[in-house]
>>> print(open('start.cif').read())   # mmCIF, C-alpha atoms
data_target
loop_
_atom_site.label_atom_id
_atom_site.label_comp_id
_atom_site.auth_asym_id
_atom_site.auth_seq_id
_atom_site.Cartn_x
_atom_site.Cartn_y
_atom_site.Cartn_z
CA MET A 1 -119.82 -50.38 39.50
CA ASN A 2 -118.88 -51.30 43.08
CA ARG A 3 -118.85 -48.92 46.02
CA LYS A 4 -115.06 -48.42 45.87
CA SER A 5 -115.11 -47.38 42.23
CA ILE A 6 -117.97 -44.93 42.89
CA TYR A 7 -115.95 -43.28 45.66
CA VAL A 8 -112.87 -43.21 43.41
CA TYR A 9 -114.95 -41.69 40.61
CA ILE A 10 -116.34 -38.97 42.90
CA ALA A 11 -112.94 -38.21 44.42
CA ILE A 12 -111.02 -37.94 41.16
CA THR A 13 -113.81 -36.02 39.46
CA LEU A 14 -113.96 -33.48 42.26
CA ALA A 15 -110.17 -33.22 42.35
CA MET A 16 -109.27 -33.25 38.68
CA ILE A 17 -112.27 -32.24 36.59
CA ILE A 18 -114.29 -29.73 38.60
CA SER A 19 -111.38 -27.49 39.54
CA ALA A 20 -109.98 -27.46 35.99
CA PRO A 21 -111.31 -25.10 33.34
CA GLY A 22 -113.82 -26.88 31.10
CA ARG A 23 -111.67 -26.67 27.96
CA PHE A 24 -110.87 -29.73 25.90
CA ALA A 25 -107.17 -28.77 25.60
CA CYS A 26 -106.85 -28.66 29.40
CA GLY A 27 -108.53 -32.07 29.56
CA ILE A 28 -106.00 -33.54 27.12
CA VAL A 29 -103.11 -32.28 29.27
CA LEU A 30 -104.57 -33.65 32.51
CA VAL A 31 -105.48 -37.00 30.97
CA LEU A 32 -101.99 -37.38 29.49
CA GLU A 33 -100.50 -36.59 32.87
CA LEU A 34 -102.74 -39.11 34.64
CA ASN A 35 -101.81 -41.87 32.17
CA LEU A 36 -98.10 -41.03 32.35
CA LEU A 37 -98.21 -41.12 36.14
CA MET A 38 -100.02 -44.45 36.18
CA LEU A 39 -97.65 -46.02 33.64
CA LEU A 40 -94.43 -44.82 35.29
CA GLY A 41 -95.83 -45.51 38.78
CA THR A 42 -96.65 -49.10 37.82
CA LEU A 43 -93.19 -49.60 36.28
CA VAL A 44 -91.44 -48.13 39.34
CA LYS A 45 -93.55 -50.30 41.66
CA SER A 46 -92.49 -53.36 39.70
CA PHE A 47 -88.85 -52.20 39.83
CA ILE A 48 -89.17 -51.81 43.62
CA HIS A 49 -90.36 -55.40 44.05
CA ARG A 50 -87.86 -56.86 41.59
CA PHE A 51 -84.85 -55.24 43.29
CA GLU A 52 -86.15 -55.80 46.84
CA LEU A 53 -86.48 -52.11 47.66
CA VAL A 54 -89.77 -52.47 49.52
CA PRO A 55 -88.61 -50.67 52.73
CA VAL A 56 -87.83 -47.52 50.71
CA GLY A 57 -90.45 -48.21 48.04
CA SER A 58 -93.05 -45.65 49.13
CA VAL A 59 -90.50 -42.81 49.19
CA LEU A 60 -89.17 -43.89 45.80
CA LEU A 61 -92.64 -44.06 44.27
CA LEU A 62 -93.66 -40.70 45.71
CA THR A 63 -90.43 -39.10 44.45
CA VAL A 64 -91.09 -40.35 40.93
CA MET A 65 -94.70 -39.13 41.01
CA ILE A 66 -93.72 -35.69 42.30
CA VAL A 67 -90.93 -35.33 39.73
CA VAL A 68 -93.16 -36.50 36.86
CA THR A 69 -95.81 -33.96 37.92
CA MET A 70 -93.27 -31.15 38.06
CA LEU A 71 -91.83 -32.20 34.69
CA THR A 72 -95.35 -32.09 33.24
CA ARG A 73 -95.67 -28.52 34.44
CA GLN A 74 -92.28 -27.65 32.97
CA ALA A 75 -93.28 -29.27 29.68
CA LEU A 76 -96.27 -26.92 29.68
CA VAL A 77 -93.99 -23.98 30.45
CA LEU A 78 -91.84 -24.93 27.45
CA THR A 79 -94.74 -25.41 25.03
CA ILE A 80 -97.85 -23.50 26.19
CA PRO A 81 -96.82 -21.22 29.08
CA GLN A 82 -100.23 -19.52 29.30
CA MET A 83 -101.75 -22.92 30.05
CA ALA A 84 -99.17 -23.44 32.79
CA VAL A 85 -100.43 -20.15 34.30
CA GLN A 86 -104.04 -21.18 33.78
CA LEU A 87 -103.81 -24.65 35.29
CA GLY A 88 -101.58 -23.61 38.21
CA PHE A 89 -102.04 -26.09 41.07
CA VAL A 90 -104.53 -28.17 39.02
CA VAL A 91 -101.50 -29.91 37.44
CA TYR A 92 -100.69 -31.35 40.88
CA LEU A 93 -104.21 -32.67 41.54
CA PRO A 94 -104.09 -35.91 39.48
CA THR A 95 -101.02 -36.92 41.53
CA VAL A 96 -102.80 -36.59 44.85
CA SER A 97 -106.14 -37.90 43.60
CA ALA A 98 -107.64 -41.04 45.07
CA PHE A 99 -107.29 -42.66 41.65
CA LEU A 100 -103.51 -42.95 41.70
CA ILE A 101 -103.16 -43.31 45.44
CA GLY A 102 -105.86 -46.00 45.49
CA TYR A 103 -104.36 -48.07 42.69
CA MET A 104 -100.69 -47.39 43.36
CA PHE A 105 -100.62 -48.09 47.06
CA GLY A 106 -103.67 -50.27 47.52
CA GLU A 107 -103.11 -53.20 45.13
CA GLU A 108 -101.24 -56.41 45.86
CA GLU A 109 -98.16 -56.88 43.73
CA SER A 110 -98.43 -59.29 40.83
CA GLU A 111 -96.62 -59.72 37.52
CA LEU A 112 -95.91 -56.65 35.41
CA LYS A 113 -97.66 -58.32 32.47
CA LYS A 114 -100.87 -58.29 34.52
CA THR A 115 -100.51 -55.00 36.42
CA ILE A 116 -99.79 -52.81 33.36
CA PRO A 117 -102.94 -53.76 31.40
CA ARG A 118 -105.07 -53.68 34.57
CA ASN A 119 -103.87 -50.28 35.83
CA MET A 120 -103.81 -48.72 32.37
CA GLY A 121 -107.29 -50.14 31.77
CA TYR A 122 -108.60 -48.22 34.79
CA THR A 123 -106.86 -45.02 33.71
CA LEU A 124 -107.77 -45.22 30.03
CA SER A 125 -111.45 -45.91 30.72
CA TYR A 126 -111.55 -42.93 33.07
CA SER A 127 -109.63 -40.87 30.48
CA VAL A 128 -112.35 -41.49 27.87
CA PHE A 129 -115.00 -40.29 30.32
CA ALA A 130 -112.91 -37.24 31.32
CA LEU A 131 -112.21 -36.26 27.70
CA LEU A 132 -115.89 -36.51 26.77
CA PHE A 133 -116.73 -34.41 29.82
CA PHE A 134 -114.20 -31.70 28.90
CA LEU A 135 -115.35 -31.78 25.26
CA PHE A 136 -118.99 -31.37 26.27
CA ARG A 137 -118.22 -28.42 28.54
CA ASP A 138 -116.03 -26.80 25.90
CA ILE A 139 -118.59 -27.09 23.11
CA ALA A 140 -121.85 -26.63 25.04
CA GLY A 141 -120.63 -24.27 27.75
CA PHE A 142 -117.98 -22.12 26.12
CA GLY A 143 -119.25 -22.57 22.55
CA THR A 144 -115.68 -23.30 21.44
CA ILE A 145 -113.32 -26.15 20.78
CA THR A 146 -109.74 -25.96 22.03
CA LEU A 147 -106.92 -28.22 20.87
CA LEU A 148 -103.19 -28.61 21.36
CA THR A 149 -101.17 -27.94 18.21
CA ASN A 150 -97.50 -27.44 17.33
CA ASP A 151 -98.05 -23.68 17.67
CA GLY A 152 -99.56 -24.05 21.14
CA LEU A 153 -103.18 -23.59 22.01
CA TYR A 154 -105.71 -23.54 19.18
CA GLU A 155 -109.20 -22.19 19.82
CA GLN A 156 -112.10 -22.23 17.37
CA VAL A 157 -115.29 -20.38 18.29
CA LEU A 158 -118.25 -22.57 17.27
CA PHE A 159 -121.27 -20.74 18.68
CA ASP A 160 -121.38 -17.07 19.57
CA SER A 161 -124.69 -15.38 18.95
CA GLY A 162 -123.72 -12.49 21.24
CA LYS A 163 -126.65 -13.32 23.53
CA ILE A 164 -126.66 -15.01 26.92
CA ASN A 165 -127.23 -18.72 26.35
CA ALA A 166 -128.55 -21.18 28.96
CA PHE A 167 -125.83 -23.65 27.97
CA VAL A 168 -123.21 -21.29 29.45
CA PHE A 169 -124.22 -22.86 32.78
CA PHE A 170 -122.18 -25.93 31.81
CA ALA A 171 -119.06 -23.77 31.54
CA THR A 172 -119.41 -22.77 35.20
CA ILE A 173 -118.18 -24.77 38.20
CA PRO A 174 -121.74 -25.43 39.50
CA GLY A 175 -122.62 -26.61 35.98
CA ALA A 176 -119.71 -29.06 36.07
CA LEU A 177 -120.90 -30.37 39.45
CA VAL A 178 -124.44 -30.89 38.13
CA CYS A 179 -123.03 -32.66 35.04
CA THR A 180 -120.93 -34.97 37.20
CA ALA A 181 -123.87 -35.86 39.44
CA VAL A 182 -126.19 -36.54 36.48
CA ILE A 183 -123.62 -38.79 34.76
CA LEU A 184 -123.01 -40.71 38.01
CA ILE A 185 -126.76 -41.21 38.61
CA LEU A 186 -127.30 -42.38 35.02
CA TYR A 187 -124.31 -44.71 35.16
CA VAL A 188 -125.35 -46.31 38.47
CA PHE A 189 -128.95 -46.59 37.22
CA VAL A 190 -127.91 -48.40 34.01
CA VAL A 191 -125.46 -50.71 35.83
CA ASN A 192 -128.12 -51.60 38.43
CA LYS A 193 -130.58 -52.44 35.65
CA PHE A 194 -128.02 -54.80 34.11
CA ILE A 195 -127.45 -56.45 37.50
CA ILE A 196 -131.23 -56.97 37.91
CA LEU A 197 -131.38 -58.52 34.41
CA GLU A 198 -128.44 -60.81 35.16
CA ASN A 199 -130.00 -61.93 38.45
CA ALA A 200 -133.35 -62.54 36.72
CA GLU A 201 -131.63 -64.71 34.11
CA LEU A 202 -129.85 -66.70 36.82
CA VAL A 203 -133.16 -67.33 38.66
CA HIS A 204 -134.85 -68.29 35.37
CA ASP A 205 -132.09 -70.80 34.54
CA MET B 1 -72.46 -61.39 63.16
CA MET B 2 -72.77 -62.43 59.53
CA ASP B 3 -76.52 -61.70 59.57
CA THR B 4 -75.95 -58.19 60.92
CA GLU B 5 -73.33 -57.56 58.25
CA ASN B 6 -75.61 -58.78 55.47
CA SER B 7 -78.50 -56.75 56.84
CA SER B 8 -76.34 -53.62 56.98
CA LYS B 9 -75.14 -54.18 53.42
CA LYS B 10 -78.70 -54.64 52.25
CA LEU B 11 -79.85 -51.45 53.99
CA LEU B 12 -76.87 -49.54 52.61
CA ARG B 13 -77.70 -50.75 49.10
CA GLN B 14 -81.38 -49.84 49.46
CA TYR B 15 -80.76 -46.36 50.81
CA GLY B 16 -77.91 -45.83 48.34
CA ILE B 17 -80.25 -46.57 45.44
CA LEU B 18 -82.88 -44.29 46.99
CA ALA B 19 -80.41 -41.42 47.46
CA GLY B 20 -79.05 -41.84 43.93
CA PHE B 21 -82.54 -41.97 42.49
CA ILE B 22 -83.68 -38.84 44.34
CA ALA B 23 -80.49 -36.95 43.39
CA GLY B 24 -80.85 -38.00 39.73
CA MET B 25 -84.52 -37.06 39.56
CA PHE B 26 -84.01 -33.66 41.13
CA GLY B 27 -80.96 -33.06 38.93
CA ILE B 28 -83.13 -33.61 35.84
CA LEU B 29 -85.81 -31.39 37.32
CA ILE B 30 -83.44 -28.51 38.07
CA ALA B 31 -81.95 -28.74 34.55
CA VAL B 32 -85.40 -28.61 32.96
CA ILE B 33 -86.48 -25.68 35.16
CA VAL B 34 -83.36 -23.69 34.21
CA LEU B 35 -83.81 -24.50 30.50
CA SER B 36 -87.49 -23.54 30.51
CA ARG B 37 -86.98 -20.13 32.16
CA SER B 38 -86.62 -18.26 28.87
CA SER B 39 -89.62 -20.12 27.39
CA TRP B 40 -91.74 -18.93 30.30
CA GLN B 41 -90.78 -15.30 29.74
CA ASN B 42 -90.89 -15.32 25.93
CA GLY B 43 -94.05 -17.42 25.68
CA LEU B 44 -95.98 -15.28 28.14
CA LYS B 45 -94.74 -12.08 26.50
CA THR B 46 -96.16 -13.34 23.20
CA ALA B 47 -99.45 -14.30 24.88
CA VAL B 48 -99.74 -10.91 26.66
CA THR B 49 -98.93 -9.02 23.45
CA GLN B 50 -101.58 -11.03 21.60
CA VAL B 51 -104.26 -10.16 24.19
CA LEU B 52 -103.31 -6.45 24.10
CA GLU B 53 -103.43 -6.44 20.29
CA GLU B 54 -106.83 -8.15 20.24
CA GLU B 55 -108.42 -5.91 22.88
CA GLU B 56 -106.68 -2.58 22.24
CA PRO B 57 -105.00 -2.87 18.83
CA GLY B 58 -101.96 -0.75 18.09
CA GLN B 59 -101.83 0.94 21.50
CA TRP B 60 -99.12 -0.92 23.40
CA ILE B 61 -95.48 -1.91 23.21
CA VAL B 62 -94.55 -4.74 25.57
CA GLY B 63 -91.03 -4.56 26.98
CA ASN B 64 -88.81 -6.59 29.29
CA TYR B 65 -89.81 -9.19 31.81
CA VAL B 66 -90.09 -7.79 35.34
CA ARG B 67 -89.41 -10.03 38.29
CA ILE B 68 -91.91 -9.84 41.14
CA ASN B 69 -90.61 -10.72 44.60
CA ALA B 70 -93.85 -12.18 45.91
CA PRO B 71 -95.42 -15.66 46.08
CA VAL B 72 -97.97 -14.61 43.45
CA SER B 73 -95.18 -14.66 40.84
CA LEU B 74 -95.51 -18.48 40.67
CA SER B 75 -98.72 -18.07 38.72
CA ALA B 76 -98.12 -14.65 37.21
CA ALA B 77 -95.79 -12.82 34.87
CA CYS B 78 -95.11 -9.10 34.63
CA PHE B 79 -93.66 -7.05 31.76
CA GLU B 80 -92.83 -3.42 31.25
CA THR B 81 -95.14 -1.72 28.80
CA ARG B 82 -95.42 1.62 27.03
CA ARG B 83 -98.32 3.38 25.34
CA LYS B 84 -97.62 4.18 21.71
CA ASP B 85 -99.55 7.48 21.74
CA ASN B 86 -98.02 9.34 24.71
CA GLY B 87 -95.10 7.09 25.65
CA ALA B 88 -96.39 6.60 29.21
CA ARG B 89 -94.85 3.57 30.82
CA GLY B 90 -96.34 0.98 33.12
CA TYR B 91 -96.71 -2.72 33.65
CA VAL B 92 -98.73 -5.46 32.02
CA LEU B 93 -99.42 -8.56 34.07
CA MET B 94 -100.73 -11.97 33.21
CA MET B 95 -102.03 -13.81 36.24
CA ARG B 96 -104.14 -16.79 37.10
CA ILE B 97 -107.54 -15.74 38.38
CA GLU B 98 -110.38 -17.94 39.58
CA THR B 99 -113.64 -17.10 37.88
CA ALA B 100 -117.07 -18.75 37.95
CA TYR B 101 -115.88 -20.59 34.81
CA GLY B 102 -112.70 -21.93 36.41
CA PRO B 103 -109.16 -20.55 36.39
CA PHE B 104 -108.04 -18.33 33.51
CA PRO B 105 -104.89 -16.35 32.61
CA ALA B 106 -106.13 -12.78 32.83
CA VAL B 107 -104.21 -9.77 31.55
CA PHE B 108 -104.12 -6.44 33.43
CA VAL B 109 -102.32 -3.17 32.77
CA SER B 110 -101.24 -0.85 35.51
CA GLY B 111 -99.27 2.31 36.08
CA GLU B 112 -97.22 2.91 39.18
CA LYS B 113 -99.68 5.26 40.88
CA ALA B 114 -102.95 4.46 39.15
CA ASP B 115 -105.25 1.49 39.70
CA ALA B 116 -104.87 -1.53 37.53
CA ARG B 117 -107.29 -2.27 34.72
CA PHE B 118 -108.51 -5.58 33.33
CA VAL B 119 -107.80 -6.01 29.62
CA GLY B 120 -108.69 -9.56 28.63
CA ILE B 121 -108.10 -13.26 28.99
CA SER B 122 -105.55 -15.25 27.02
CA GLY B 123 -107.04 -18.02 24.88
CA LEU B 124 -110.65 -17.19 25.63
CA HIS B 125 -113.05 -15.92 22.98
CA GLY B 126 -116.72 -16.42 22.31
CA ARG B 127 -119.73 -16.12 24.58
CA VAL B 128 -117.99 -16.58 27.95
CA ARG B 129 -115.51 -13.84 27.05
CA THR B 130 -118.47 -11.65 26.06
CA LEU B 131 -120.13 -12.35 29.41
CA ILE B 132 -117.01 -11.42 31.37
CA GLY B 133 -116.79 -8.17 29.39
CA ASN B 134 -114.62 -5.53 31.03
CA GLY B 135 -114.62 -7.47 34.30
CA SER B 136 -116.60 -4.90 36.26
CA GLY B 137 -119.23 -7.51 37.16
CA ASP B 138 -116.79 -10.18 38.29
CA ALA B 139 -115.84 -10.07 41.98
CA LYS B 140 -112.52 -11.89 41.44
CA ILE B 141 -111.42 -9.49 38.70
CA ILE B 142 -112.37 -6.52 40.89
CA TYR B 143 -110.35 -8.08 43.75
CA TRP B 144 -107.23 -8.43 41.56
CA VAL B 145 -107.63 -4.95 40.12
CA LYS B 146 -107.40 -3.61 43.69
CA ARG B 147 -104.62 -6.02 44.66
CA ILE B 148 -102.26 -5.47 41.71
CA PRO B 149 -100.81 -2.09 42.87
CA ASP B 150 -99.65 -3.83 46.09
CA ILE B 151 -98.13 -6.67 44.07
CA LEU B 152 -96.30 -4.21 41.84
CA LYS B 153 -94.62 -2.63 44.87
CA ASN B 154 -92.52 -5.82 44.91
CA ALA B 155 -91.61 -5.51 41.24
CA GLU B 156 -87.95 -5.07 40.34
CA GLY B 157 -87.41 -2.03 38.10
CA PRO B 158 -89.43 1.10 38.86
CA VAL B 159 -91.62 2.74 36.26
CA GLN B 160 -90.96 6.47 35.90
CA ASN B 161 -94.07 7.74 34.13
CA ASP B 162 -97.60 6.79 34.96
CA LEU B 163 -99.93 5.27 32.38
CA GLY B 164 -102.97 6.97 33.77
CA VAL B 165 -105.06 3.82 33.59
CA GLY B 166 -108.02 3.36 35.89
CA LYS B 167 -108.45 7.07 36.57
#
>>> encode(input="start.cif", output="structure tokens")
Amino acid sequence: MNRKSIYVYIAITLAMIISAPGRFACGIVLVLELNLLMLLGTLVKSFIHRFELVPVGSVLLLTVMIVVTMLTRQALVLTIPQMAVQLGFVVYLPTVSAFLIGYMFGEEESELKKTIPRNMGYTLSYSVFALLFFLFRDIAGFGTITLLTNDGLYEQVLFDSGKINAFVFFATIPGALVCTAVILILYVFVVNKFIILENAELVHD
Amino acid sequence: MMDTENSSKKLLRQYGILAGFIAGMFGILIAVIVLSRSSWQNGLKTAVTQVLEEEEPGQWIVGNYVRINAPVSLSAACFETRRKDNGARGYVLMMRIETAYGPFPAVFVSGEKADARFVGISGLHGRVRTLIGNGSGDAKIIYWVKRIPDILKNAEGPVQNDLGVGK
């Protein structure tokens, strides 16, 4: 994990995950939005280069991202309006997160065959982490599991003893911050150990 | 001369595509917003009714959507409501509130003259809902309970009889 990806991780986590409610269903919506934005953004960027629209490219790309974000909100209004109320401005946060801005505007243009797998690789790997994070907070913190179904939002209460449980801390915003920090520390620790092992093997050879 | 002409044509093409793209995108957006208006009202009415039935079963009839002329209406919805026992009318609101557990769609009932009262949260059951309880220990819920009568002053469609909630 290089320094840039650590900063991107912190920025997107603070923007997208911490401010969102720790429910799995909300996580699914935000992750779908992030992937849709990355996919369409990459396609539009390729379109811009192919049709020599570079001078107006940034405006074009931003327009698409804004419209896709607003359409995501409207899709929520059509299907699960109470989640549209709940998420509010959180729907707009993936769009302005360092993740999309960093990869959309910071990368050199190459072939679409290469950019799609690369960009979607970044987004999908982060999506797995985000979904696990939302799932953990939903189950451990809220003691429930929430899913998206044809009828809207489905909620199943898993644990409710009627007493105050220490795990409720993970449902709170400070709990989410602590979780994020612990995961980041563990991840950096493990990656550094692998780097030390690799270096040791190189020296040994 | 030829270069200037080509450059102008190129610029015209680029900005033409940009203008067309923006117009098309916003056209789609406006169409979707107009189409989803009824879903917003009907879906939230169902959600509000469900919360009222879970928390205070058989006590309320939820009526028409009430437009609020205030910025808060972007993350809130208001409906007329009536008590089944005495027929007193008032409002029921669903609005986004920030709690220690993140944002949630909270439901409040209010009469025209009385304070508002917290009823419940849509889509939240289990231990966190138990901890929030009647909202008297949550600073954000207390804030909105005090703020709702001011918001309702901007509601279209006055309520004649008071519900007597919060007294």
>>> interface_residues(input="start.cif", of="chain A", to="chain B", cutoff="6 Å", atoms="all atoms listed in the file", output="PyMOL selection string")
chain A and resi 21+53+77-78+81+85-86+142+157+160+171-173
>>> closest_residue(input="start.cif", among="B:Cys78, B:Ile141, B:Ala155, B:Val51", to="Gly63 (chain B)", atoms="all atoms listed in the file")
B:Cys78
>>> atom_distance(input="start.cif", atom1="CA of Ile17 (chain A)", atom2="CA of Ile148 (chain B)")
29.0 Å
>>> residues_around(input="start.cif", residues="Lys113 (chain A)", least_positions_apart="5", cutoff="12 Å", atoms="all atoms listed in the file", output="PyMOL selection string")
chain A and resi 42-43+46+118-120
>>> write_last_selection(input="start.cif", atoms="C-alpha atoms", output="mmCIF file, in the frame of the given file")
data_model
loop_
_atom_site.group_PDB
_atom_site.id
_atom_site.type_symbol
_atom_site.label_atom_id
_atom_site.label_comp_id
_atom_site.auth_asym_id
_atom_site.auth_seq_id
_atom_site.Cartn_x
_atom_site.Cartn_y
_atom_site.Cartn_z
ATOM 1 C CA THR A 42 -96.650 -49.100 37.820
ATOM 2 C CA LEU A 43 -93.190 -49.600 36.280
ATOM 3 C CA SER A 46 -92.490 -53.360 39.700
ATOM 4 C CA ARG A 118 -105.070 -53.680 34.570
ATOM 5 C CA ASN A 119 -103.870 -50.280 35.830
ATOM 6 C CA MET A 120 -103.810 -48.720 32.370
#
>>> closest_residue(input="start.cif", among="B:Gly120, B:Asp138, B:Gly58, B:Ala70", to="Ile151 (chain B)", atoms="all atoms listed in the file")
B:Ala70
>>> resolve_selection(input="start.cif", expression="the PyMOL selection byres ((chain A and resi 23) around 9)", output="NGL selection string")
:A and (20-22 or 24-28 or 134-139 or 142 or 144-147 or 171)
>>> atom_distance(input="start.cif", atom1="CA of Ile18 (chain A)", atom2="CA of Thr180 (chain A)")
8.6 Å
>>> resolve_selection(input="start.cif", expression="the PyMOL selection byres ((chain A and resi 129) around 12)", output="PDB file with C-alpha atoms, keeping the file's coordinate frame")
ATOM      1  CA  TYR A   9    -114.950 -41.690  40.610  1.00  0.00           C
ATOM      2  CA  ILE A  12    -111.020 -37.940  41.160  1.00  0.00           C
ATOM      3  CA  THR A  13    -113.810 -36.020  39.460  1.00  0.00           C
ATOM      4  CA  ILE A  17    -112.270 -32.240  36.590  1.00  0.00           C
ATOM      5  CA  GLY A  27    -108.530 -32.070  29.560  1.00  0.00           C
ATOM      6  CA  ILE A  28    -106.000 -33.540  27.120  1.00  0.00           C
ATOM      7  CA  VAL A  31    -105.480 -37.000  30.970  1.00  0.00           C
ATOM      8  CA  TYR A 122    -108.600 -48.220  34.790  1.00  0.00           C
ATOM      9  CA  THR A 123    -106.860 -45.020  33.710  1.00  0.00           C
ATOM     10  CA  LEU A 124    -107.770 -45.220  30.030  1.00  0.00           C
ATOM     11  CA  SER A 125    -111.450 -45.910  30.720  1.00  0.00           C
ATOM     12  CA  TYR A 126    -111.550 -42.930  33.070  1.00  0.00           C
ATOM     13  CA  SER A 127    -109.630 -40.870  30.480  1.00  0.00           C
ATOM     14  CA  VAL A 128    -112.350 -41.490  27.870  1.00  0.00           C
ATOM     15  CA  ALA A 130    -112.910 -37.240  31.320  1.00  0.00           C
ATOM     16  CA  LEU A 131    -112.210 -36.260  27.700  1.00  0.00           C
ATOM     17  CA  LEU A 132    -115.890 -36.510  26.770  1.00  0.00           C
ATOM     18  CA  PHE A 133    -116.730 -34.410  29.820  1.00  0.00           C
ATOM     19  CA  PHE A 134    -114.200 -31.700  28.900  1.00  0.00           C
ATOM     20  CA  LEU A 135    -115.350 -31.780  25.260  1.00  0.00           C
ATOM     21  CA  PHE A 136    -118.990 -31.370  26.270  1.00  0.00           C
ATOM     22  CA  THR A 180    -120.930 -34.970  37.200  1.00  0.00           C
ATOM     23  CA  ILE A 183    -123.620 -38.790  34.760  1.00  0.00           C
ATOM     24  CA  LEU A 184    -123.010 -40.710  38.010  1.00  0.00           C
ATOM     25  CA  TYR A 187    -124.310 -44.710  35.160  1.00  0.00           C
TER      26      TYR A 187
END
>>> atom_distance(input="start.cif", atom1="CA of Gly143 (chain A)", atom2="CA of Phe167 (chain A)")
8.6 Å
>>> resolve_selection(input="start.cif", expression="the PyMOL selection byres ((chain A and resi 64) around 12)", output="count of residues only")
35
>>> axis_aligned_box(input="start.cif", around="region 8-23 of chain B", padding_each_side="8 Å", output="AutoDock Vina command-line options")
--center_x -79.4 --center_y -45.8 --center_z 49.7 --size_x 24.5 --size_y 33.7 --size_z 30.5
>>> residues_around(input="start.cif", residues="Leu14 (chain A)", least_positions_apart="2", cutoff="12 Å", atoms="all atoms listed in the file", output="list in words")
Tyr7, Val8, Tyr9, Ile10, Ala11, Ile12, Met16, Ile17, Ile18, Ser19, Ala20, Val90, Leu93, Pro94, Val96, Ser97, Ala98, Phe99, Ala130, Ile173, Pro174, Ala176, Leu177, Val178, Cys179, Thr180 and Ala181 of chain A
>>> closest_residue(input="start.cif", among="A:Phe89, A:Phe47, A:Ala75, A:Pro55", to="Leu32 (chain A)", atoms="all atoms listed in the file")
A:Ala75
>>> decode(input="start.cif", residues="region 120-135 of chain B", atoms="N, CA and C atoms", output="compact mmCIF listing (two decimals), in the first residue's frame")
# COMPACT_ATOMS: atom_id res chain seq x y z
N GLY B 120 -41.10 7.70 16.03
CA GLY B 120 -40.22 6.56 15.75
C GLY B 120 -39.32 6.82 14.56
N ILE B 121 -38.63 5.78 14.16
CA ILE B 121 -37.71 5.88 13.03
C ILE B 121 -38.04 4.80 12.01
N SER B 122 -38.14 5.21 10.76
CA SER B 122 -38.49 4.26 9.71
C SER B 122 -37.32 3.31 9.44
N GLY B 123 -37.63 2.02 9.41
CA GLY B 123 -36.62 1.00 9.08
C GLY B 123 -35.60 0.75 10.16
N LEU B 124 -35.90 1.12 11.38
CA LEU B 124 -34.96 0.85 12.47
C LEU B 124 -35.67 0.15 13.62
N HIS B 125 -35.23 -1.07 13.88
CA HIS B 125 -35.75 -1.85 15.01
C HIS B 125 -34.55 -2.41 15.75
N GLY B 126 -34.81 -3.08 16.84
CA GLY B 126 -33.71 -3.72 17.57
C GLY B 126 -33.12 -2.83 18.65
N ARG B 127 -31.87 -3.12 19.03
CA ARG B 127 -31.32 -2.49 20.23
C ARG B 127 -31.05 -0.99 20.10
N VAL B 128 -30.69 -0.53 18.90
CA VAL B 128 -30.45 0.92 18.75
C VAL B 128 -31.77 1.67 18.85
N ARG B 129 -32.82 1.10 18.30
CA ARG B 129 -34.16 1.73 18.42
C ARG B 129 -34.57 1.77 19.89
N THR B 130 -34.26 0.69 20.62
CA THR B 130 -34.58 0.63 22.05
C THR B 130 -33.81 1.72 22.80
N LEU B 131 -32.54 1.91 22.42
CA LEU B 131 -31.72 2.93 23.09
C LEU B 131 -32.24 4.34 22.84
N ILE B 132 -32.69 4.58 21.61
CA ILE B 132 -33.22 5.92 21.29
C ILE B 132 -34.52 6.18 22.04
N GLY B 133 -35.32 5.15 22.23
CA GLY B 133 -36.55 5.24 23.02
C GLY B 133 -37.50 6.30 22.51
N ASN B 134 -37.97 7.15 23.42
CA ASN B 134 -38.91 8.21 23.01
C ASN B 134 -38.18 9.49 22.57
N GLY B 135 -36.86 9.41 22.49
CA GLY B 135 -36.08 10.54 21.97
C GLY B 135 -35.76 11.62 22.97
